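Printed here is target_19.tsv (TSV, C-alpha atoms and all ligand atoms):
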chain	number	residue	atom	x	y	z
G	288	MET	CA	67.17	-42.49	63.22
G	289	LYS	CA	66.24	-41.65	59.63
G	290	LYS	CA	66.30	-44.92	57.71
G	291	ILE	CA	64.48	-48.02	58.85
G	292	ALA	CA	63.32	-51.27	57.26
G	293	VAL	CA	60.30	-53.51	57.76
G	294	ILE	CA	60.49	-57.30	57.48
G	295	THR	CA	57.99	-60.14	57.86
G	296	SER	CA	59.43	-63.54	58.74
G	297	GLY	CA	58.43	-67.09	59.62
G	298	GLY	CA	54.86	-68.33	59.17
G	299	ASP	CA	52.65	-65.66	57.62
G	300	CYS	CA	49.53	-64.52	59.44
G	301	PRO	CA	46.49	-62.37	58.72
G	302	GLY	CA	47.26	-58.83	59.88
G	303	MET	CA	50.89	-58.74	58.76
G	304	ASN	CA	49.89	-56.43	55.89
G	305	ALA	CA	48.04	-54.12	58.26
G	306	ALA	CA	51.17	-53.98	60.43
G	307	ILE	CA	53.44	-53.21	57.46
G	308	ARG	CA	51.08	-50.49	56.27
G	309	ALA	CA	50.94	-48.84	59.70
G	310	ALA	CA	54.69	-49.09	60.21
G	311	VAL	CA	55.43	-47.49	56.84
G	312	ARG	CA	52.94	-44.67	57.21
G	313	VAL	CA	53.86	-43.83	60.81
G	314	ALA	CA	57.56	-43.78	59.88
G	315	LEU	CA	56.88	-41.54	56.87
G	316	ALA	CA	54.83	-39.22	59.09
G	317	HIS	CA	57.94	-38.87	61.28
G	318	GLY	CA	60.13	-38.03	58.28
G	319	ALA	CA	61.96	-41.37	58.10
G	320	GLU	CA	62.82	-43.34	54.95
G	321	VAL	CA	61.35	-46.85	54.98
G	322	TRP	CA	62.62	-49.93	53.22
G	323	GLY	CA	60.71	-53.17	52.73
G	324	ILE	CA	62.72	-56.39	52.89
G	325	ARG	CA	61.35	-59.21	50.74
G	326	ASN	CA	60.98	-62.85	51.83
G	327	GLY	CA	62.09	-62.60	55.44
G	328	TYR	CA	65.66	-63.16	56.52
G	329	ALA	CA	66.38	-64.97	53.23
G	330	GLY	CA	65.75	-61.65	51.45
G	331	MET	CA	67.89	-59.78	53.96
G	332	ILE	CA	70.77	-62.12	53.20
G	333	ALA	CA	70.16	-61.80	49.44
G	334	GLY	CA	69.88	-57.99	49.63
G	335	ASP	CA	66.33	-58.12	48.26
G	336	MET	CA	64.89	-54.84	49.55
G	337	LYS	CA	63.42	-51.61	48.22
G	338	VAL	CA	62.20	-48.22	49.40
G	339	LEU	CA	58.48	-48.06	50.20
G	340	ASP	CA	56.22	-45.06	49.96
G	341	SER	CA	52.72	-44.49	51.23
G	342	ARG	CA	51.14	-45.74	47.99
G	343	SER	CA	53.11	-48.97	47.99
G	344	VAL	CA	51.20	-50.06	51.10
G	345	GLY	CA	47.77	-49.09	49.73
G	346	ASP	CA	45.07	-51.74	49.20
G	347	ILE	CA	46.67	-54.27	51.57
G	348	ILE	CA	45.02	-53.69	54.98
G	349	GLN	CA	42.21	-56.10	54.06
G	350	LYS	CA	44.44	-58.88	52.73
G	351	GLY	CA	45.80	-61.95	54.52
G	352	GLY	CA	49.41	-63.05	54.04
G	353	THR	CA	52.22	-60.53	53.64
G	354	PHE	CA	52.84	-58.57	50.46
G	355	LEU	CA	56.56	-58.44	51.34
G	356	GLY	CA	56.70	-62.25	51.29
G	357	THR	CA	58.12	-64.36	54.11
G	358	ALA	CA	60.41	-67.36	54.54
G	359	ARG	CA	62.07	-69.71	56.93
G	360	SER	CA	65.83	-69.30	56.42
G	361	GLU	CA	68.31	-71.87	57.70
G	362	GLU	CA	71.23	-69.70	56.57
G	363	PHE	CA	70.15	-66.93	58.92
G	364	LYS	CA	70.63	-69.28	61.85
G	365	THR	CA	74.37	-69.20	61.15
G	366	LEU	CA	76.57	-66.29	62.19
G	367	ALA	CA	77.94	-66.04	58.63
G	368	GLY	CA	74.39	-65.69	57.28
G	369	ARG	CA	73.51	-62.97	59.77
G	370	GLN	CA	76.74	-61.10	58.99
G	371	LYS	CA	75.80	-61.06	55.30
G	372	ALA	CA	72.38	-59.70	56.25
G	373	VAL	CA	73.91	-56.97	58.42
G	374	ALA	CA	76.30	-55.96	55.63
G	375	ASN	CA	73.32	-55.51	53.28
G	376	LEU	CA	71.58	-53.23	55.78
G	377	GLU	CA	74.72	-51.19	56.43
G	378	ALA	CA	75.41	-50.78	52.71
G	379	ARG	CA	72.05	-49.00	52.40
G	380	GLY	CA	72.42	-46.96	55.57
G	381	ILE	CA	69.51	-48.75	57.25
G	382	GLU	CA	69.82	-48.09	60.98
G	383	GLY	CA	66.87	-49.95	62.48
G	384	LEU	CA	64.38	-52.73	61.82
G	385	ILE	CA	60.75	-53.50	62.51
G	386	VAL	CA	60.56	-57.30	62.62
G	387	ILE	CA	57.09	-58.85	62.34
G	388	GLY	CA	57.07	-62.57	63.07
G	389	GLY	CA	56.78	-65.39	65.54
G	390	ASP	CA	59.06	-66.68	68.27
G	391	GLY	CA	61.68	-67.87	65.78
G	392	SER	CA	61.84	-64.57	63.92
G	393	LEU	CA	62.09	-62.61	67.15
G	394	THR	CA	64.88	-64.92	68.32
G	395	GLY	CA	66.64	-64.17	65.04
G	396	ALA	CA	66.17	-60.44	65.67
G	397	LYS	CA	67.72	-60.80	69.09
G	398	TYR	CA	70.86	-62.23	67.49
G	399	LEU	CA	70.88	-59.38	64.95
G	400	GLY	CA	70.83	-57.00	67.91
G	401	GLU	CA	74.03	-58.64	69.12
G	402	LEU	CA	75.61	-57.59	65.81
G	403	GLY	CA	74.69	-53.94	66.45
G	404	ILE	CA	71.41	-53.68	64.53
G	405	LYS	CA	68.66	-51.82	66.36
G	406	PHE	CA	65.25	-53.47	66.16
G	407	VAL	CA	61.76	-53.52	67.60
G	408	GLY	CA	59.72	-56.71	67.17
G	409	LEU	CA	56.00	-57.29	66.69
G	410	PRO	CA	54.36	-60.61	67.59
G	411	GLY	CA	52.98	-61.96	64.31
G	412	THR	CA	51.83	-65.58	64.40
G	413	ILE	CA	48.50	-67.35	64.47
G	414	ASP	CA	49.76	-69.50	67.36
G	415	ASN	CA	49.49	-66.87	70.16
G	416	ASP	CA	52.56	-68.49	71.71
G	417	ILE	CA	54.62	-65.41	72.55
G	418	TRP	CA	55.20	-64.32	76.12
G	419	GLY	CA	54.45	-60.71	77.03
G	420	THR	CA	51.39	-60.16	74.87
G	421	ASP	CA	47.80	-61.22	75.51
G	422	TYR	CA	47.31	-61.74	71.78
G	423	THR	CA	49.53	-62.10	68.74
G	424	ILE	CA	48.63	-60.61	65.37
G	425	GLY	CA	46.72	-63.24	63.33
G	426	PHE	CA	45.42	-65.30	66.23
G	427	ASP	CA	41.92	-63.79	66.23
G	428	THR	CA	41.46	-64.38	62.50
G	429	ALA	CA	42.77	-67.94	62.79
G	430	VAL	CA	40.45	-68.87	65.66
G	431	ASN	CA	37.50	-67.41	63.78
G	432	THR	CA	38.42	-69.53	60.76
G	433	ALA	CA	38.69	-72.61	63.00
G	434	LEU	CA	35.38	-71.74	64.63
G	435	ASP	CA	33.66	-71.47	61.26
G	436	ALA	CA	34.93	-74.96	60.40
G	437	ILE	CA	33.80	-76.37	63.75
G	438	ASN	CA	30.31	-74.91	63.22
G	439	LYS	CA	30.08	-76.60	59.82
G	440	LEU	CA	31.42	-79.90	61.09
G	441	ARG	CA	28.84	-79.82	63.89
G	442	ASP	CA	26.03	-79.81	61.30
G	443	THR	CA	27.19	-83.01	59.71
G	444	ALA	CA	28.28	-84.59	63.03
G	445	SER	CA	24.80	-84.11	64.47
G	446	SER	CA	23.10	-85.39	61.32
G	447	HIS	CA	25.07	-88.64	61.44
G	448	GLY	CA	25.51	-89.00	65.20
G	449	ARG	CA	29.27	-89.17	64.81
G	450	VAL	CA	32.31	-88.25	66.86
G	451	MET	CA	33.89	-85.45	64.81
G	452	LEU	CA	37.56	-84.75	65.46
G	453	VAL	CA	39.05	-81.42	64.37
G	454	GLU	CA	42.81	-80.92	64.38
G	455	VAL	CA	43.88	-77.29	64.54
G	456	MET	CA	47.29	-75.60	64.29
G	457	GLY	CA	49.40	-74.13	67.07
G	458	ARG	CA	52.70	-76.01	66.84
G	459	ASN	CA	53.48	-76.79	70.51
G	460	CYS	CA	50.77	-74.71	72.06
G	461	GLY	CA	47.04	-75.08	72.62
G	462	TRP	CA	45.72	-71.53	72.30
G	463	ILE	CA	43.91	-72.01	68.99
G	464	ALA	CA	42.40	-75.33	70.11
G	465	LEU	CA	41.30	-74.01	73.49
G	466	THR	CA	39.80	-70.76	72.19
G	467	ALA	CA	38.07	-72.16	69.11
G	468	GLY	CA	37.02	-75.26	71.05
G	469	LEU	CA	35.43	-73.26	73.84
G	470	ALA	CA	33.69	-70.88	71.43
G	471	GLY	CA	32.58	-73.81	69.26
G	472	GLY	CA	31.12	-75.77	72.17
G	473	ALA	CA	33.49	-78.72	71.86
G	474	GLU	CA	32.86	-81.64	74.19
G	475	ILE	CA	36.57	-82.45	74.46
G	476	ILE	CA	39.56	-80.14	73.93
G	477	LEU	CA	43.01	-81.73	73.74
G	478	ILE	CA	46.07	-79.49	74.11
G	479	PRO	CA	49.74	-80.17	74.76
G	480	GLU	CA	49.67	-78.19	78.02
G	481	GLU	CA	47.15	-80.58	79.64
G	482	PRO	CA	48.15	-84.26	79.62
G	483	PHE	CA	45.35	-86.73	78.85
G	484	SER	CA	44.88	-90.46	78.45
G	485	GLN	CA	43.09	-91.98	75.50
G	486	GLU	CA	41.26	-94.37	77.86
G	487	ASP	CA	39.71	-91.36	79.63
G	488	ILE	CA	38.52	-90.03	76.28
G	489	TYR	CA	36.83	-93.32	75.36
G	490	LYS	CA	35.15	-93.35	78.77
G	491	GLN	CA	33.98	-89.76	78.54
G	492	LEU	CA	32.52	-90.24	75.04
G	493	LEU	CA	30.62	-93.38	76.07
G	494	GLU	CA	29.34	-91.70	79.23
G	495	SER	CA	28.08	-88.68	77.33
G	496	ARG	CA	26.20	-90.99	74.94
G	497	ALA	CA	24.66	-92.74	77.93
G	498	LYS	CA	23.57	-89.33	79.23
G	499	GLY	CA	21.83	-88.48	75.96
G	500	LYS	CA	24.40	-86.72	73.75
G	501	GLN	CA	23.83	-87.82	70.17
G	502	TYR	CA	27.19	-86.72	68.74
G	503	SER	CA	30.51	-85.23	69.89
G	504	ILE	CA	32.99	-82.60	68.79
G	505	VAL	CA	36.63	-83.14	69.76
G	506	VAL	CA	39.05	-80.28	69.07
G	507	MET	CA	42.70	-81.26	69.15
G	508	ALA	CA	45.80	-79.09	68.89
G	509	GLU	CA	48.35	-80.43	66.40
G	510	GLY	CA	50.88	-80.47	69.26
G	511	ALA	CA	48.68	-82.87	71.25
G	512	GLY	CA	48.77	-85.65	68.67
G	513	SER	CA	47.08	-86.80	65.48
G	514	ALA	CA	43.31	-86.47	65.12
G	515	ILE	CA	43.33	-89.19	62.46
G	516	ASP	CA	45.06	-91.69	64.79
G	517	LEU	CA	42.87	-90.75	67.73
G	518	GLY	CA	39.74	-91.12	65.60
G	519	LYS	CA	40.79	-94.66	64.62
G	520	ASN	CA	41.48	-95.55	68.25
G	521	ILE	CA	38.13	-94.18	69.41
G	522	ARG	CA	36.36	-96.22	66.74
G	523	ALA	CA	38.24	-99.40	67.70
G	524	ASN	CA	37.75	-98.96	71.45
G	525	THR	CA	34.19	-97.63	71.65
G	526	GLY	CA	32.46	-98.68	68.44
G	527	LEU	CA	31.42	-95.05	67.89
G	528	GLU	CA	31.63	-93.79	64.34
G	529	THR	CA	34.37	-91.16	63.90
G	530	ARG	CA	35.58	-88.74	61.24
G	531	ALA	CA	38.67	-86.54	61.46
G	532	SER	CA	39.44	-83.23	59.72
G	533	ILE	CA	42.79	-81.48	59.70
G	534	LEU	CA	42.21	-77.77	59.13
G	535	GLY	CA	45.84	-77.02	58.22
G	536	HIS	CA	46.89	-73.88	56.38
G	537	ILE	CA	43.30	-72.71	55.82
G	538	GLN	CA	43.79	-71.24	59.31
G	539	ARG	CA	46.69	-69.09	58.13
G	540	GLY	CA	44.84	-67.25	55.37
G	541	GLY	CA	41.95	-64.92	54.78
G	542	ALA	CA	41.03	-61.32	55.47
G	543	PRO	CA	42.12	-60.23	58.95
G	544	THR	CA	39.37	-59.56	61.48
G	545	VAL	CA	38.70	-56.12	62.95
G	546	SER	CA	40.64	-57.12	66.08
G	547	ASP	CA	43.69	-58.18	64.10
G	548	ARG	CA	43.70	-55.03	61.95
G	549	LEU	CA	43.46	-52.80	65.02
G	550	LEU	CA	46.03	-54.80	66.96
G	551	ALA	CA	48.46	-54.74	64.04
G	552	SER	CA	48.01	-51.01	63.45
G	553	ARG	CA	48.39	-50.05	67.11
G	554	LEU	CA	51.38	-52.30	67.80
G	555	ALA	CA	53.14	-51.11	64.63
G	556	GLU	CA	52.61	-47.45	65.51
G	557	THR	CA	54.10	-47.96	68.99
G	558	ALA	CA	56.97	-50.01	67.56
G	559	VAL	CA	57.98	-47.37	65.00
G	560	ARG	CA	57.83	-44.57	67.55
G	561	ALA	CA	60.00	-46.59	69.93
G	562	LEU	CA	62.52	-47.41	67.20
G	563	LEU	CA	62.74	-43.79	66.03
G	564	ASP	CA	63.29	-42.81	69.68
G	565	GLY	CA	66.36	-45.04	69.66
G	566	LYS	CA	64.90	-47.95	71.60
G	567	THR	CA	66.00	-51.44	70.70
G	568	ASP	CA	65.94	-55.10	71.78
G	569	ILE	CA	62.25	-54.99	72.63
G	570	MET	CA	58.98	-56.37	71.36
G	571	ILE	CA	55.77	-54.39	71.55
G	572	GLY	CA	53.05	-56.49	73.16
G	573	TYR	CA	49.41	-55.85	73.99
G	574	ARG	CA	48.48	-56.33	77.63
G	575	ASN	CA	45.32	-55.19	79.40
G	576	ARG	CA	44.34	-53.09	76.38
G	577	GLN	CA	47.66	-51.24	76.31
G	578	CYS	CA	50.67	-51.42	74.01
G	579	VAL	CA	53.65	-52.32	76.20
G	580	GLU	CA	57.39	-52.74	75.75
G	581	VAL	CA	58.67	-56.26	76.46
G	582	ALA	CA	62.38	-57.09	76.73
G	583	ILE	CA	63.20	-59.34	73.80
G	584	GLY	CA	64.87	-61.88	76.10
G	585	ASP	CA	61.59	-62.29	77.96
G	586	ALA	CA	59.44	-62.40	74.80
G	587	VAL	CA	61.40	-65.30	73.35
G	588	GLY	CA	62.79	-66.81	76.54
G	589	LYS	CA	59.71	-67.21	78.70
G	590	LYS	CA	56.98	-69.72	78.01
G	591	LYS	CA	53.49	-68.35	77.58
G	592	ASP	CA	51.00	-70.58	79.35
G	593	ILE	CA	47.40	-71.15	78.39
G	594	ASP	CA	44.76	-69.49	80.53
G	595	PRO	CA	43.82	-72.14	83.14
G	596	GLU	CA	40.47	-70.44	83.84
G	597	LEU	CA	39.56	-70.72	80.18
G	598	TYR	CA	40.47	-74.40	80.21
G	599	HIS	CA	38.42	-75.01	83.33
G	600	LEU	CA	35.44	-73.14	81.87
G	601	ALA	CA	35.60	-75.21	78.68
G	602	GLN	CA	35.42	-78.37	80.79
G	603	VAL	CA	32.45	-77.17	82.83
G	604	LEU	CA	30.53	-76.05	79.74
G	605	SER	CA	31.04	-79.35	77.94
G	606	GLN	CA	29.05	-81.38	80.50
G	701	LIG	N1	67.65	-69.53	67.02
G	701	LIG	C1	67.61	-68.78	65.91
G	701	LIG	N2	68.70	-68.06	65.55
G	701	LIG	C2	68.69	-67.28	64.44
G	701	LIG	N3	67.63	-67.18	63.63
G	701	LIG	C3	66.53	-67.87	63.93
G	701	LIG	C4	66.45	-68.70	65.10
G	701	LIG	N4	65.22	-69.27	65.15
G	701	LIG	C5	64.58	-68.81	64.05
G	701	LIG	N5	65.34	-67.98	63.33
G	701	LIG	C6	65.02	-67.35	62.06
G	701	LIG	O1	63.65	-66.96	62.01
G	701	LIG	C7	62.99	-67.67	60.94
G	701	LIG	C8	61.56	-67.88	61.29
G	701	LIG	O2	61.44	-68.70	62.45
G	701	LIG	P1	60.28	-69.79	62.57
G	701	LIG	O3	60.42	-70.43	63.89
G	701	LIG	O4	60.30	-70.66	61.37
G	701	LIG	O5	58.93	-68.95	62.42
G	701	LIG	P2	58.20	-67.91	63.41
G	701	LIG	O6	58.99	-66.67	63.46
G	701	LIG	O7	56.89	-67.68	62.73
G	701	LIG	O8	58.08	-68.58	64.75
G	701	LIG	C9	63.83	-68.93	60.78
G	701	LIG	O9	63.66	-69.53	59.52
G	701	LIG	C10	65.23	-68.38	60.95
G	701	LIG	O10	65.67	-67.72	59.78
G	702	LIG	O1	53.73	-73.42	57.18
G	702	LIG	P1	54.59	-74.50	57.74
G	702	LIG	O2	56.03	-74.22	57.49
G	702	LIG	O3	54.13	-75.84	57.31
G	702	LIG	O4	54.46	-74.43	59.34
G	702	LIG	C1	53.33	-74.82	60.04
G	702	LIG	C2	53.39	-74.16	61.41
G	702	LIG	O5	53.28	-72.76	61.26
G	702	LIG	C3	52.19	-72.27	62.05
G	702	LIG	O6	51.05	-72.21	61.20
G	702	LIG	C4	52.46	-70.89	62.56
G	702	LIG	O7	53.60	-70.89	63.37
G	702	LIG	P2	54.73	-69.78	63.21
G	702	LIG	O8	54.05	-68.49	62.93
G	702	LIG	O9	55.42	-69.75	64.53
G	702	LIG	O10	55.60	-70.20	62.11
G	702	LIG	C5	52.01	-73.34	63.13
G	702	LIG	O11	50.71	-73.30	63.68
G	702	LIG	C6	52.30	-74.59	62.35
G	702	LIG	O12	52.73	-75.62	63.20
G	703	MG	MG	56.75	-69.89	65.84
Could you render the structure from this file as structure tokens?
Amino acid sequence: MKKIAVITSGGDCPGMNAAIRAAVRVALAHGAEVWGIRNGYAGMIAGDMKVLDSRSVGDIIQKGGTFLGTARSEEFKTLAGRQKAVANLEARGIEGLIVIGGDGSLTGAKYLGELGIKFVGLPGTIDNDIWGTDYTIGFDTAVNTALDAINKLRDTASSHGRVMLVEVMGRNCGWIALTAGLAGGAEIILIPEEPFSQEDIYKQLLESRAKGKQYSIVVMAEGAGSAIDLGKNIRANTGLETRASILGHIQRGGAPTVSDRLLASRLAETAVRALLDGKTDIMIGYRNRQCVEVAIGDAVGKKKDIDPELYHLAQVLSQ
């Protein structure tokens, strides 16, 4: 395989640039021509792509976001849209793709594979919700951003003796909430994977006050409900003073951490080598400190669970 393309798709994440850089430079080192597709699958459908050289990926390893741009494309979900995209690749002689994105983007890649395009995927999303990899690119940076916010909110929560609610991202999964909540010493962590009742929360908060806690930190995954609504309910049912913060897209930006840069670089290297070897319909994951090949059907078809031991530990440590 001599001509490949790199694409970032779906929600951006810190480390995408490091992955693009590594993919381009590893491919060039193997004598391949590399194209960069702009703005995700929307750009593939529009034919918005250009050849990249080593210099075009300079000065990006330290930057969040993706210099190629990204998008969510409804048209790509239709067969007609994907056929247009395939025609644009074939017109340029592009034989294989490195797709960096989340579960949606990798699902899209799987359908491209059914149209004869070879691809290797990389898990790029802050959510850490992809089966087959211990960590996704961007997760470590996002949890560190969330942790920084929790630390700051703790200062003001303790000064005022308030219940501080922090809503973090993660769509339908609780990885960011659980990890940042545990590291940030949250008293209560609410995630979609573990059902809870609001009555139990009121009880727990009142009990911890009775036992001497002066203030509380509650970390809530966006998929577990609204921190603003819960804060109002806590106030109404316990009399405790509450404040809620929604961290939002702050969690998606910023310079990638060391872990994310290394993860992105290693996964991208393995992905390009696999693609140039003719492999396809796989994602490269990171398990037990090794880059591993994961069948794309498993990566997007199986549900990644949270780590129950981590959840249990967070509960014990919040006493
Ligand atoms: N079932 C699907 N079939 C085809 N393409 C899809 C599918 N799901 C997602 N995609 C494509 O991937 C894009 C990104 O997916 P999305 O779920 O928004 O983000 P992420 O990849 O970060 O999870 C979508 O806008 C769409 O173009
Ligand atoms: O940026 P948008 O389109 O508002 O999407 C927000 C969603 O994207 C994420 O930040 C990242 O998810 P994906 O990478 O899967 O798109 C989620 O945590 C959040 O629910
Ligand atoms: Mg997703």
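In this structure, atom CA of Met451 of chain G sits 23.2 Å away from atom CA of Gly540 of chain G.
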For ligand LIG 701 (chain G), list the contacting residues at 8 Å or closer, counting only C-alpha atoms and all ligand atoms, as a ChimeraX atom specification.
/G:296-299,327-329,358-365,369,388-396,398,411-412
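Atom CA of Gly588 of chain G is found 25.3 Å from atom CA of Ser552 of chain G.
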When you look at Leu440 of chain G with a cut-off of 9 Å (counting all atoms listed in the file), what residues show up, excluding the ones that are within fewer than 6 positions of it in the same chain? I need them as a PDB file with C-alpha atoms, in the frame of the given file.
ATOM      1  CA  MET G 451      33.890 -85.450  64.810  1.00  0.00           C
ATOM      2  CA  LEU G 452      37.560 -84.750  65.460  1.00  0.00           C
ATOM      3  CA  VAL G 453      39.050 -81.420  64.370  1.00  0.00           C
ATOM      4  CA  ILE G 504      32.990 -82.600  68.790  1.00  0.00           C
ATOM      5  CA  SER G 532      39.440 -83.230  59.720  1.00  0.00           C
TER       6      SER G 532
END
Can you pull out the residues contacting Ala551 of chain G? Cut-off 10 Å, using all atoms listed in the file, and skip same-chain residues under 2 positions away; I want them as an NGL selection string.
:G and (301-310 or 348 or 387 or 409-411 or 423-425 or 543 or 545-549 or 553-556)
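Take atom CA of Ser503 of chain G and atom CA of Asn438 of chain G: the distance between them is 12.3 Å.
For the choices G:Arg496, G:Lys350, G:Lys591, G:Arg325, the atom-to-atom distance to Glu480 of chain G is smallest for G:Lys591 when using all atoms listed in the file.
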